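Q: So I've got this file, work36.txt, and it contains compact mmCIF, C-alpha atoms:
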```
# COMPACT_ATOMS: atom_id res chain seq x y z
CA MET U 1 -11.61 47.68 51.19
CA ILE U 2 -14.20 47.35 53.97
CA LEU U 3 -13.48 43.63 54.18
CA ASN U 4 -9.72 44.24 54.44
CA THR U 5 -10.21 46.76 57.24
CA LEU U 6 -12.63 44.47 59.06
CA SER U 7 -10.29 41.48 58.62
CA ARG U 8 -7.39 43.41 60.12
CA TYR U 9 -9.60 44.45 63.03
CA PHE U 10 -10.75 40.88 63.73
CA LEU U 11 -7.19 39.55 63.38
CA LYS U 12 -5.95 42.20 65.82
CA ARG U 13 -8.64 41.30 68.35
CA TYR U 14 -7.76 37.62 68.03
CA ALA U 15 -4.02 38.31 68.40
CA ILE U 16 -4.58 40.40 71.55
CA THR U 17 -6.71 37.65 73.09
CA VAL U 18 -4.09 35.00 72.27
CA PHE U 19 -1.35 37.18 73.75
CA TRP U 20 -3.12 37.59 77.08
CA PHE U 21 -4.00 33.90 77.20
CA LEU U 22 -0.33 33.03 76.61
CA ILE U 23 0.80 35.40 79.37
CA GLY U 24 -1.78 34.09 81.82
CA VAL U 25 -1.23 30.39 81.10
CA ALA U 26 2.56 30.81 81.17
CA ALA U 27 2.35 32.51 84.56
CA ILE U 28 0.14 29.75 85.99
CA ILE U 29 2.39 27.00 84.60
CA PHE U 30 5.49 28.72 85.97
CA LEU U 31 4.05 29.08 89.47
CA ILE U 32 2.82 25.47 89.62
CA ASP U 33 6.03 24.02 88.20
CA PHE U 34 8.17 26.23 90.46
CA SER U 35 6.32 24.92 93.51
CA GLU U 36 6.75 21.33 92.33
CA VAL U 37 10.46 21.68 91.50
CA SER U 38 11.29 23.59 94.70
CA GLY U 39 9.53 20.91 96.75
CA ARG U 40 11.44 18.15 94.95
CA PHE U 41 14.86 19.71 95.55
CA SER U 42 14.20 21.50 98.84
CA ASP U 43 16.41 19.06 100.76
CA ASN U 44 19.22 19.10 98.20
CA GLU U 45 22.30 21.01 99.35
CA GLN U 46 23.46 21.70 95.79
CA SER U 47 20.24 23.43 94.75
CA SER U 48 19.53 27.12 95.23
CA LEU U 49 16.58 29.43 94.75
CA ILE U 50 18.15 30.95 91.64
CA GLY U 51 18.94 27.50 90.25
CA ILE U 52 15.37 26.29 90.81
CA PHE U 53 14.08 29.49 89.20
CA LEU U 54 16.27 28.89 86.13
CA LEU U 55 15.28 25.21 85.98
CA THR U 56 11.60 26.13 86.00
CA LEU U 57 12.18 28.78 83.35
CA MET U 58 13.94 26.24 81.11
CA ARG U 59 11.07 23.77 81.46
CA LEU U 60 8.43 26.41 80.73
CA PRO U 61 8.52 26.37 76.88
CA LEU U 62 7.89 22.62 76.68
CA LEU U 63 5.01 22.78 79.16
CA LEU U 64 3.57 25.81 77.39
CA GLN U 65 3.79 24.03 74.03
CA GLN U 66 1.48 21.33 75.35
CA THR U 67 -1.19 23.87 76.30
CA VAL U 68 -1.17 26.00 73.13
CA PRO U 69 -3.90 23.91 71.40
CA PHE U 70 -6.29 24.81 74.24
CA ILE U 71 -5.19 28.43 74.03
CA ALA U 72 -6.17 28.42 70.34
CA LEU U 73 -9.57 26.95 71.26
CA PHE U 74 -10.35 29.32 74.14
CA ALA U 75 -8.98 32.40 72.38
CA GLY U 76 -11.25 31.74 69.42
CA MET U 77 -14.27 31.18 71.62
CA VAL U 78 -13.66 34.26 73.79
CA THR U 79 -13.04 36.54 70.82
CA LEU U 80 -16.12 35.39 68.90
CA ILE U 81 -18.38 35.56 71.96
CA THR U 82 -17.16 39.07 72.75
CA LEU U 83 -17.76 40.24 69.17
CA ASN U 84 -21.23 38.70 69.24
CA ARG U 85 -22.19 40.37 72.50
CA ARG U 86 -21.14 43.72 71.07
CA SER U 87 -23.23 42.97 67.95
CA GLU U 88 -20.17 43.52 65.75
CA LEU U 89 -20.72 40.24 63.91
CA VAL U 90 -24.38 41.16 63.42
CA ILE U 91 -23.30 44.40 61.76
CA ALA U 92 -20.85 42.47 59.58
CA ARG U 93 -23.66 40.17 58.45
CA ALA U 94 -25.91 43.16 57.75
CA ALA U 95 -23.17 44.53 55.50
CA GLY U 96 -23.39 41.37 53.39
CA ILE U 97 -20.28 39.65 54.75
CA SER U 98 -20.66 35.89 55.02
CA VAL U 99 -19.54 33.79 57.98
CA TRP U 100 -16.59 32.46 55.99
CA GLN U 101 -15.37 35.94 55.19
CA PHE U 102 -15.31 37.19 58.77
CA MET U 103 -14.02 33.80 60.01
CA PHE U 104 -11.00 33.98 57.70
CA PRO U 105 -8.97 36.30 60.03
CA PHE U 106 -9.51 33.90 62.93
CA LEU U 107 -8.53 30.87 60.86
CA LEU U 108 -5.49 32.75 59.57
CA GLY U 109 -4.54 33.76 63.11
CA ALA U 110 -4.85 30.16 64.31
CA PHE U 111 -2.73 28.95 61.39
CA LEU U 112 -0.02 31.54 62.15
CA LEU U 113 -0.13 30.59 65.83
CA GLY U 114 0.43 26.96 64.84
CA CYS U 115 3.37 27.94 62.61
CA ALA U 116 4.91 29.95 65.46
CA THR U 117 4.47 26.96 67.78
CA SER U 118 6.28 24.58 65.43
CA LEU U 119 8.96 26.95 64.13
CA LEU U 120 9.71 29.08 67.19
CA LEU U 121 8.33 27.60 70.40
CA ASN U 122 9.34 24.00 69.65
CA PRO U 123 13.08 24.69 69.07
CA LEU U 124 13.05 26.82 72.22
CA ALA U 125 11.34 23.99 74.12
CA ALA U 126 13.87 21.42 72.84
CA ALA U 127 16.85 23.57 73.85
CA GLY U 128 15.28 24.37 77.21
CA GLN U 129 14.55 20.72 77.92
CA ASN U 130 18.19 19.79 77.24
CA GLN U 131 19.47 22.51 79.56
CA ALA U 132 16.89 21.66 82.22
CA ALA U 133 17.90 17.99 82.16
CA THR U 134 21.54 18.96 82.63
CA LEU U 135 20.76 21.21 85.57
CA GLU U 136 18.38 18.70 87.10
CA ALA U 137 21.02 15.97 86.84
CA SER U 138 23.41 18.09 88.90
CA TYR U 139 20.81 18.22 91.69
CA SER U 140 20.06 14.49 91.73
CA ASP U 141 21.80 11.90 93.87
CA PRO U 142 23.23 8.74 92.30
CA GLY U 143 21.63 5.57 93.57
CA LYS U 144 18.32 7.31 94.20
CA ALA U 145 15.36 6.26 92.07
CA SER U 146 14.26 8.82 89.56
CA ASN U 147 10.63 9.89 89.22
CA ASN U 148 11.11 10.92 85.58
CA LYS U 149 8.27 9.40 83.58
CA ASN U 150 10.10 9.83 80.26
CA SER U 151 12.79 7.28 81.06
CA VAL U 152 15.35 6.29 78.48
CA PRO U 153 14.81 2.80 77.00
CA TRP U 154 17.28 0.22 78.31
CA MET U 155 20.26 -0.71 76.15
CA ARG U 156 22.34 -3.87 76.09
CA GLN U 157 26.03 -4.15 75.30
CA ILE U 158 28.17 -7.29 75.15
CA THR U 159 31.91 -6.86 75.56
CA GLY U 160 33.87 -10.09 75.78
CA LYS U 161 32.30 -12.36 78.39
CA GLU U 162 30.46 -9.56 80.14
CA ASP U 163 26.89 -8.56 79.42
CA THR U 164 25.78 -5.08 80.55
CA ILE U 165 22.32 -3.53 80.69
CA ILE U 166 22.30 0.29 80.61
CA GLY U 167 19.49 2.64 81.56
CA ALA U 168 19.10 6.28 82.57
CA SER U 169 16.51 8.87 83.52
CA SER U 170 17.32 11.18 80.60
CA VAL U 171 19.82 11.77 77.81
CA LEU U 172 21.80 14.88 76.89
CA GLU U 173 24.19 15.97 74.16
CA ASN U 174 22.33 14.04 71.45
CA GLY U 175 22.46 10.78 73.39
CA THR U 176 26.13 10.60 74.40
CA LEU U 177 25.55 11.81 77.98
CA LEU U 178 23.26 9.87 80.31
CA THR U 179 21.96 11.30 83.58
CA GLN U 180 21.05 9.15 86.58
CA ALA U 181 22.63 6.24 84.70
CA VAL U 182 22.35 2.61 85.81
CA PHE U 183 24.79 -0.10 84.66
CA ILE U 184 23.89 -3.70 85.59
CA HIS U 185 26.65 -6.23 84.86
CA PHE U 186 26.10 -9.97 84.26
CA ASP U 187 28.58 -12.79 83.99
CA GLY U 188 28.64 -15.52 81.35
CA HIS U 189 26.01 -17.53 83.25
CA GLY U 190 23.52 -14.66 83.48
CA ARG U 191 24.17 -13.87 87.14
CA ILE U 192 24.36 -10.26 88.32
CA THR U 193 27.92 -9.39 89.31
CA SER U 194 27.50 -5.69 90.12
CA ARG U 195 25.36 -2.61 89.72
CA GLN U 196 26.67 0.90 89.19
CA ASP U 197 24.51 3.99 89.75
CA ALA U 198 26.13 7.15 88.38
CA ARG U 199 25.13 10.79 88.30
CA THR U 200 26.27 10.99 84.67
CA ALA U 201 27.72 8.58 82.11
CA LYS U 202 29.59 10.07 79.15
CA LEU U 203 30.28 7.95 76.08
CA GLN U 204 33.92 8.24 75.07
CA ASP U 205 35.97 6.41 72.45
CA GLY U 206 35.70 2.79 73.58
CA TYR U 207 34.39 3.32 77.11
CA TRP U 208 31.76 4.96 79.29
CA LEU U 209 33.05 7.51 81.79
CA LEU U 210 30.89 7.35 84.91
CA LYS U 211 30.91 10.22 87.43
CA ASP U 212 29.85 10.08 91.11
CA VAL U 213 29.32 6.33 91.10
CA VAL U 214 27.73 4.11 93.74
CA GLU U 215 28.79 0.51 93.05
CA THR U 216 26.91 -2.38 94.61
CA LYS U 217 27.99 -6.03 94.54
CA PRO U 218 26.12 -9.05 95.96
CA GLY U 219 27.02 -9.56 99.62
CA GLU U 220 29.13 -6.41 99.85
CA THR U 221 28.58 -2.90 101.21
CA PRO U 222 27.97 -0.30 98.48
CA ARG U 223 30.97 1.91 97.83
CA ARG U 224 31.23 5.32 96.23
CA GLU U 225 33.72 6.25 93.50
CA SER U 226 34.34 9.66 91.95
CA SER U 227 34.77 8.18 88.45
CA VAL U 228 34.75 4.74 86.82
CA GLN U 229 35.43 3.59 83.26
CA VAL U 230 33.29 0.85 81.70
CA SER U 231 34.49 -0.56 78.40
CA THR U 232 32.07 -0.58 75.47
CA ASN U 233 31.92 -1.39 71.79
CA LEU U 234 29.03 0.99 71.12
CA LYS U 235 29.65 3.79 68.63
CA GLN U 236 28.65 7.34 69.45
CA GLU U 237 26.68 7.75 66.22
CA PHE U 238 24.59 4.66 66.98
CA VAL U 239 23.90 5.68 70.57
CA GLN U 240 22.93 9.19 69.46
CA GLU U 241 20.21 7.84 67.19
CA ARG U 242 19.20 5.01 69.51
CA LEU U 243 18.54 7.32 72.46
CA ALA U 244 17.23 10.38 70.60
CA GLN U 245 14.18 11.74 72.43
CA PRO U 246 11.63 13.53 70.20
CA ASP U 247 10.99 16.26 72.80
CA THR U 248 14.67 17.25 72.77
CA VAL U 249 14.98 17.45 68.98
CA ALA U 250 14.04 20.73 67.31
CA PHE U 251 11.69 20.76 64.33
CA TYR U 252 14.49 21.84 61.97
CA GLU U 253 16.63 18.81 62.94
CA LEU U 254 13.98 16.08 62.85
CA SER U 255 14.25 15.21 59.15
CA GLN U 256 18.03 14.84 59.40
CA LYS U 257 17.71 12.75 62.56
CA ILE U 258 15.23 10.44 60.83
CA ALA U 259 17.54 9.94 57.84
CA VAL U 260 20.56 9.16 60.04
CA ALA U 261 18.59 6.81 62.29
CA LYS U 262 17.36 4.84 59.28
CA SER U 263 20.94 4.45 58.05
CA TYR U 264 21.79 2.70 61.36
CA GLY U 265 18.69 0.52 61.27
CA VAL U 266 17.16 2.26 64.31
CA SER U 267 13.39 2.59 64.53
CA THR U 268 12.26 6.10 63.62
CA LYS U 269 8.55 5.78 64.41
CA ASN U 270 8.67 8.18 67.36
CA LEU U 271 10.71 10.77 65.43
CA GLU U 272 8.45 10.51 62.38
CA THR U 273 5.37 10.89 64.56
CA GLN U 274 6.86 13.97 66.21
CA PHE U 275 7.75 15.45 62.81
CA HIS U 276 4.25 14.97 61.40
CA SER U 277 2.73 16.21 64.66
CA LEU U 278 4.62 19.50 64.42
CA LEU U 279 3.85 19.71 60.71
CA SER U 280 0.13 19.32 61.37
CA THR U 281 0.02 21.75 64.31
CA PRO U 282 -1.20 24.77 62.25
CA PHE U 283 -4.05 22.69 60.82
CA LEU U 284 -4.90 21.34 64.28
CA PHE U 285 -5.29 24.92 65.51
CA VAL U 286 -7.52 25.70 62.52
CA ALA U 287 -9.69 22.72 63.51
CA MET U 288 -9.82 24.02 67.09
CA THR U 289 -10.95 27.43 65.82
CA LEU U 290 -13.68 25.86 63.68
CA ILE U 291 -14.91 23.97 66.73
CA ALA U 292 -14.92 27.25 68.67
CA ALA U 293 -16.96 28.91 65.91
CA THR U 294 -19.59 26.16 65.82
CA VAL U 295 -20.56 26.86 69.44
CA SER U 296 -19.68 30.54 69.89
CA LEU U 297 -21.68 32.00 67.01
CA LYS U 298 -24.85 30.07 67.71
CA PHE U 299 -24.67 30.72 71.45
CA SER U 300 -24.92 34.49 71.25
CA ARG U 301 -27.34 34.68 68.36
CA PHE U 302 -29.94 32.36 69.82
CA ASN U 303 -29.24 32.86 73.53
CA GLN U 304 -28.69 29.19 74.17
CA SER U 305 -27.58 27.74 77.48
CA ARG U 306 -24.03 27.46 78.72
CA SER U 307 -24.15 23.75 77.91
CA VAL U 308 -23.42 24.65 74.28
CA ILE U 309 -20.17 26.37 75.28
CA LEU U 310 -19.35 23.42 77.53
CA GLY U 311 -19.96 21.13 74.58
CA GLY U 312 -17.41 23.07 72.53
CA ILE U 313 -14.83 22.81 75.31
CA ILE U 314 -15.44 19.09 75.64
CA SER U 315 -15.20 18.65 71.85
CA GLY U 316 -11.83 20.44 71.79
CA PHE U 317 -10.62 18.37 74.72
CA VAL U 318 -11.72 15.13 73.04
CA LEU U 319 -9.91 16.16 69.86
CA TYR U 320 -6.71 16.88 71.80
CA VAL U 321 -6.89 13.60 73.73
CA THR U 322 -7.55 11.72 70.49
CA THR U 323 -4.52 13.25 68.79
CA VAL U 324 -2.30 12.41 71.79
CA LEU U 325 -3.64 8.86 71.97
CA VAL U 326 -3.27 8.17 68.25
CA LYS U 327 0.17 9.81 68.37
CA ALA U 328 1.18 7.19 70.94
CA PHE U 329 -0.01 4.49 68.53
CA GLY U 330 2.12 6.04 65.80
CA SER U 331 5.20 6.22 68.03
CA SER U 332 4.85 2.54 68.93
CA GLY U 333 4.43 1.49 65.31
CA VAL U 334 0.85 0.21 65.67
CA VAL U 335 -0.35 2.84 63.17
CA PRO U 336 1.77 4.51 60.47
CA PRO U 337 2.94 7.91 61.81
CA PHE U 338 1.47 9.84 58.88
CA VAL U 339 -1.95 8.27 59.36
CA ALA U 340 -1.83 8.54 63.15
CA VAL U 341 -1.21 12.29 63.08
CA TRP U 342 -3.12 13.57 60.07
CA VAL U 343 -6.36 11.56 60.16
CA PRO U 344 -7.73 13.10 63.42
CA VAL U 345 -6.83 16.61 62.22
CA ILE U 346 -8.47 16.14 58.81
CA VAL U 347 -11.60 14.55 60.31
CA ALA U 348 -11.95 17.31 62.92
CA THR U 349 -11.47 20.06 60.31
CA ALA U 350 -14.02 18.51 57.96
CA LEU U 351 -16.50 17.96 60.80
CA GLY U 352 -16.17 21.53 62.08
CA ALA U 353 -16.57 22.98 58.58
CA THR U 354 -19.62 20.79 57.94
CA ILE U 355 -21.33 21.85 61.18
CA LEU U 356 -20.60 25.50 60.49
CA LEU U 357 -21.98 25.18 56.95
CA HIS U 358 -25.15 23.57 58.28
CA GLN U 359 -25.63 26.23 60.98
CA GLU U 360 -24.91 29.30 58.88
CA ASP U 361 -25.87 28.37 55.32
CA GLY U 362 -28.60 25.81 55.95
```
Would you mind giving the structure from this file in structure tokens?

A:
Amino acid sequence: MILNTLSRYFLKRYAITVFWFLIGVAAIIFLIDFSEVSGRFSDNEQSSLIGIFLLTLMRLPLLLQQTVPFIALFAGMVTLITLNRRSELVIARAAGISVWQFMFPFLLGAFLLGCATSLLLNPLAAAGQNQAATLEASYSDPGKASNNKNSVPWMRQITGKEDTIIGASSVLENGTLLTQAVFIHFDGHGRITSRQDARTAKLQDGYWLLKDVVETKPGETPRRESSVQVSTNLKQEFVQERLAQPDTVAFYELSQKIAVAKSYGVSTKNLETQFHSLLSTPFLFVAMTLIAATVSLKFSRFNQSRSVILGGIISGFVLYVTTVLVKAFGSSGVVPPFVAVWVPVIVATALGATILLHQEDG
């Protein structure tokens, strides 16, 4: 009964710390992103302060999702250090409670935080990213280069004697709506005949419907059209799977997306990597908490230097960078997605548990 009461107390302290970290980090992200977005669209006549505020708010869940692993690390370190300085962990040890018993609430809290990230925050981030891309597309000018780093891969379509290369800055509506679209047309001899830059390109039955188009032909002055139709033989189902972006697909829809993409012969490495990444998130947070424990407990008990705490922060950062780097290998097909995602998490968890065993149990 004492252990249950103590576990609830530790879990409550951890939850409160995580809550305030989330509030603080979200506020900082919002302010920085708001400044960046407002500066980017300050000269745009179609943008407004309310629109920029909503755009920043829509982008917030995705940006926050990328910082939650560090929140799990710092929340664990801060909570354990605080409990050590108040000698509460010393009292728990004097009562005969082992390190694994009083660490269980923190590991459980980290696991639940990971589950909430995958099941709640990720779908919210995917929906927000779709809405943000739509709003951002309405503020962008056709013909102007996009600074979006997550550009859509180029597609090629051949209709009759014409060859067309299609690109865009982002995709919406499951791949059937392109924003900041670029259509480059070639003739039968491989020469460029024209280029069309459109604000949006919507895939219809047998054609692309381009809106707010700037058409450029060799030796001619660019001209602007309100709408243009470009014939295509691409099917909507194929384009949806071909252009599916992992960040815009919710966790609940990933398995279905993977199955459909495989039926069309489309590579699913990036979707599989995203699925396993979200699946492993709770265990990644457990590994982060173990890393926090290896430096936080020993720091207060033996009055070691701040370099130990810095070492824990660096270890968590290295783990995060490693998971992102190996995740990129999995998305490109260099490493199987399952191996790319789970191996760093398993190794980090085992290493943290081993260090903690050595420090606490000899």

Q: List every protein, DNA or RNA residue with an atom no more than 9 Å from (-3.5, 32.7, 74.5) in the file's coordinates, counting all atoms listed in the file, and format the result as a VMD selection string.

A: chain U and resid 15 to 25 68 70 to 75

Q: Which residues, written as a list in words, have at least one atom at most 7 Å from region 257-260 of chain U, with all atoms listed in the file counted and residues fewer than 5 positions away on the same chain left out?

A: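 Contacts, with the query itself left out: Thr268, Leu271 and Glu272 of chain U.
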
Q: Taking all atoms listed in the file into account, name the residue in U:Leu135, U:Val341, U:Leu297, U:Ile81 that is nearest to Lys269 (chain U).

A: U:Val341

Q: With distances taken over only C-alpha atoms, which residue among U:Ser118, U:Thr176, U:Ser332, U:Thr281 lies nearest Phe251 (chain U)?

A: U:Ser118

Q: Nearest to His276 (chain U) among U:Thr349, U:Thr289, U:Asn130, U:Thr323, with distances taken over all atoms listed in the file: which residue is it?

A: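 Checking each candidate against His276 (chain U), we get U:Thr323 as the closest.
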
Q: Which one is closest to Phe317 (chain U): U:Pro105, U:Pro69, U:Pro123, U:Pro246? Count all atoms listed in the file.

A: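 Going through U:Pro105, U:Pro69, U:Pro123, U:Pro246 one by one, the smallest distance to Phe317 (chain U) is for U:Pro69.
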
Q: How many Å lie between CA of Ser48 (chain U) and CA of Arg199 (chain U), rounded to one decimal?

A: 18.6 Å

Q: Could you tell me how far CA of Thr232 (chain U) sits from CA of Tyr207 (chain U), in Å to one decimal place?

A: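 Value for the CA of Tyr207 (chain U)-CA of Thr232 (chain U) distance: 4.8 Å.
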
Q: Suppose you want the space between CA of Leu11 (chain U) and CA of Leu108 (chain U); what is it in Å?

A: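 Taking CA of Leu11 (chain U) as the start and CA of Leu108 (chain U) as the end point, the length is 8.0 Å.
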
Q: Do you know which residues are at most 9 Å from Gln204 (chain U) counting only C-alpha atoms, after dropping those on the same chain fewer than 4 positions away, and could you put them as a compact mmCIF listing (two decimals) with C-alpha atoms, keeping the file's coordinate frame?

A:
```txt
# COMPACT_ATOMS: atom_id res chain seq x y z
CA THR U 176 26.13 10.60 74.40
CA TRP U 208 31.76 4.96 79.29
CA LEU U 209 33.05 7.51 81.79
CA LYS U 235 29.65 3.79 68.63
CA GLN U 236 28.65 7.34 69.45
```

Q: Taking all atoms listed in the file into account, name the residue in U:Ala126, U:Leu107, U:Leu119, U:Ile192 that is nearest to Met58 (chain U).

A: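 The shortest atom-to-atom distance to Met58 (chain U) comes from U:Ala126.
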
Q: Please determine, counting all atoms listed in the file, which residue among U:Ser7, U:Ser331, U:Gln65, U:Ser42 has the shortest atom-to-atom distance to Ala26 (chain U).

A: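 Distance minimum relative to Ala26 (chain U) lands on U:Gln65.
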
Q: Contacts of Lys202 (chain U) at 12 Å or less, counting only C-alpha atoms, minus same-chain residues fewer than 3 places along, as a PyMOL selection string?

A: chain U and resi 168+171-181+198-199+205-212+227-232+236+239-240

Q: Can I get region 243-263 of chain U with N, CA, C and O atoms filled in, as a CSV table (one decimal), in the frame of the given file?

A:
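Below you can see rebuild.csv, which holds the result:
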```
chain,number,residue,atom,x,y,z
U,243,LEU,N,19.1,6.7,71.3
U,243,LEU,CA,18.5,7.3,72.5
U,243,LEU,C,17.9,8.7,72.2
U,243,LEU,O,17.6,9.4,73.1
U,244,ALA,N,17.8,9.1,70.9
U,244,ALA,CA,17.2,10.4,70.6
U,244,ALA,C,15.8,10.5,71.1
U,244,ALA,O,14.9,9.6,70.8
U,245,GLN,N,15.5,11.5,71.9
U,245,GLN,CA,14.2,11.7,72.4
U,245,GLN,C,13.5,12.8,71.6
U,245,GLN,O,14.1,13.9,71.4
U,246,PRO,N,12.3,12.6,71.1
U,246,PRO,CA,11.6,13.5,70.2
U,246,PRO,C,11.5,14.9,70.8
U,246,PRO,O,11.6,15.9,70.1
U,247,ASP,N,11.2,15.0,72.1
U,247,ASP,CA,11.0,16.3,72.8
U,247,ASP,C,12.2,17.1,72.8
U,247,ASP,O,12.2,18.3,73.0
U,248,THR,N,13.4,16.5,72.7
U,248,THR,CA,14.7,17.2,72.8
U,248,THR,C,15.3,17.5,71.4
U,248,THR,O,16.4,18.0,71.3
U,249,VAL,N,14.5,17.2,70.3
U,249,VAL,CA,15.0,17.4,69.0
U,249,VAL,C,14.1,18.6,68.4
U,249,VAL,O,12.9,18.5,68.3
U,250,ALA,N,14.8,19.6,67.9
U,250,ALA,CA,14.0,20.7,67.3
U,250,ALA,C,13.4,20.3,66.0
U,250,ALA,O,13.9,19.4,65.3
U,251,PHE,N,12.4,21.1,65.6
U,251,PHE,CA,11.7,20.8,64.3
U,251,PHE,C,12.6,20.8,63.1
U,251,PHE,O,12.5,19.9,62.2
U,252,TYR,N,13.6,21.7,63.1
U,252,TYR,CA,14.5,21.8,62.0
U,252,TYR,C,15.4,20.6,61.9
U,252,TYR,O,16.0,20.4,60.8
U,253,GLU,N,15.7,19.9,62.9
U,253,GLU,CA,16.6,18.8,62.9
U,253,GLU,C,16.0,17.4,62.8
U,253,GLU,O,16.7,16.4,62.7
U,254,LEU,N,14.7,17.4,62.8
U,254,LEU,CA,14.0,16.1,62.8
U,254,LEU,C,14.2,15.3,61.6
U,254,LEU,O,14.5,14.1,61.6
U,255,SER,N,14.1,15.9,60.4
U,255,SER,CA,14.2,15.2,59.2
U,255,SER,C,15.6,14.6,59.0
U,255,SER,O,15.8,13.5,58.6
U,256,GLN,N,16.7,15.3,59.4
U,256,GLN,CA,18.0,14.8,59.4
U,256,GLN,C,18.2,13.7,60.4
U,256,GLN,O,18.9,12.7,60.1
U,257,LYS,N,17.6,13.8,61.6
U,257,LYS,CA,17.7,12.8,62.6
U,257,LYS,C,17.1,11.5,62.0
U,257,LYS,O,17.6,10.4,62.3
U,258,ILE,N,15.9,11.6,61.4
U,258,ILE,CA,15.2,10.4,60.8
U,258,ILE,C,16.1,9.7,59.8
U,258,ILE,O,16.2,8.5,59.8
U,259,ALA,N,16.7,10.5,58.9
U,259,ALA,CA,17.5,9.9,57.8
U,259,ALA,C,18.7,9.2,58.4
U,259,ALA,O,19.1,8.1,58.0
U,260,VAL,N,19.4,9.8,59.4
U,260,VAL,CA,20.6,9.2,60.0
U,260,VAL,C,20.2,7.9,60.8
U,260,VAL,O,20.8,6.9,60.7
U,261,ALA,N,19.0,8.0,61.5
U,261,ALA,CA,18.6,6.8,62.3
U,261,ALA,C,18.3,5.6,61.4
U,261,ALA,O,18.6,4.5,61.7
U,262,LYS,N,17.7,5.9,60.2
U,262,LYS,CA,17.4,4.8,59.3
U,262,LYS,C,18.6,4.2,58.7
U,262,LYS,O,18.7,3.0,58.5
U,263,SER,N,19.7,5.0,58.6
U,263,SER,CA,20.9,4.4,58.0
U,263,SER,C,21.6,3.5,59.0
U,263,SER,O,22.3,2.6,58.6
```
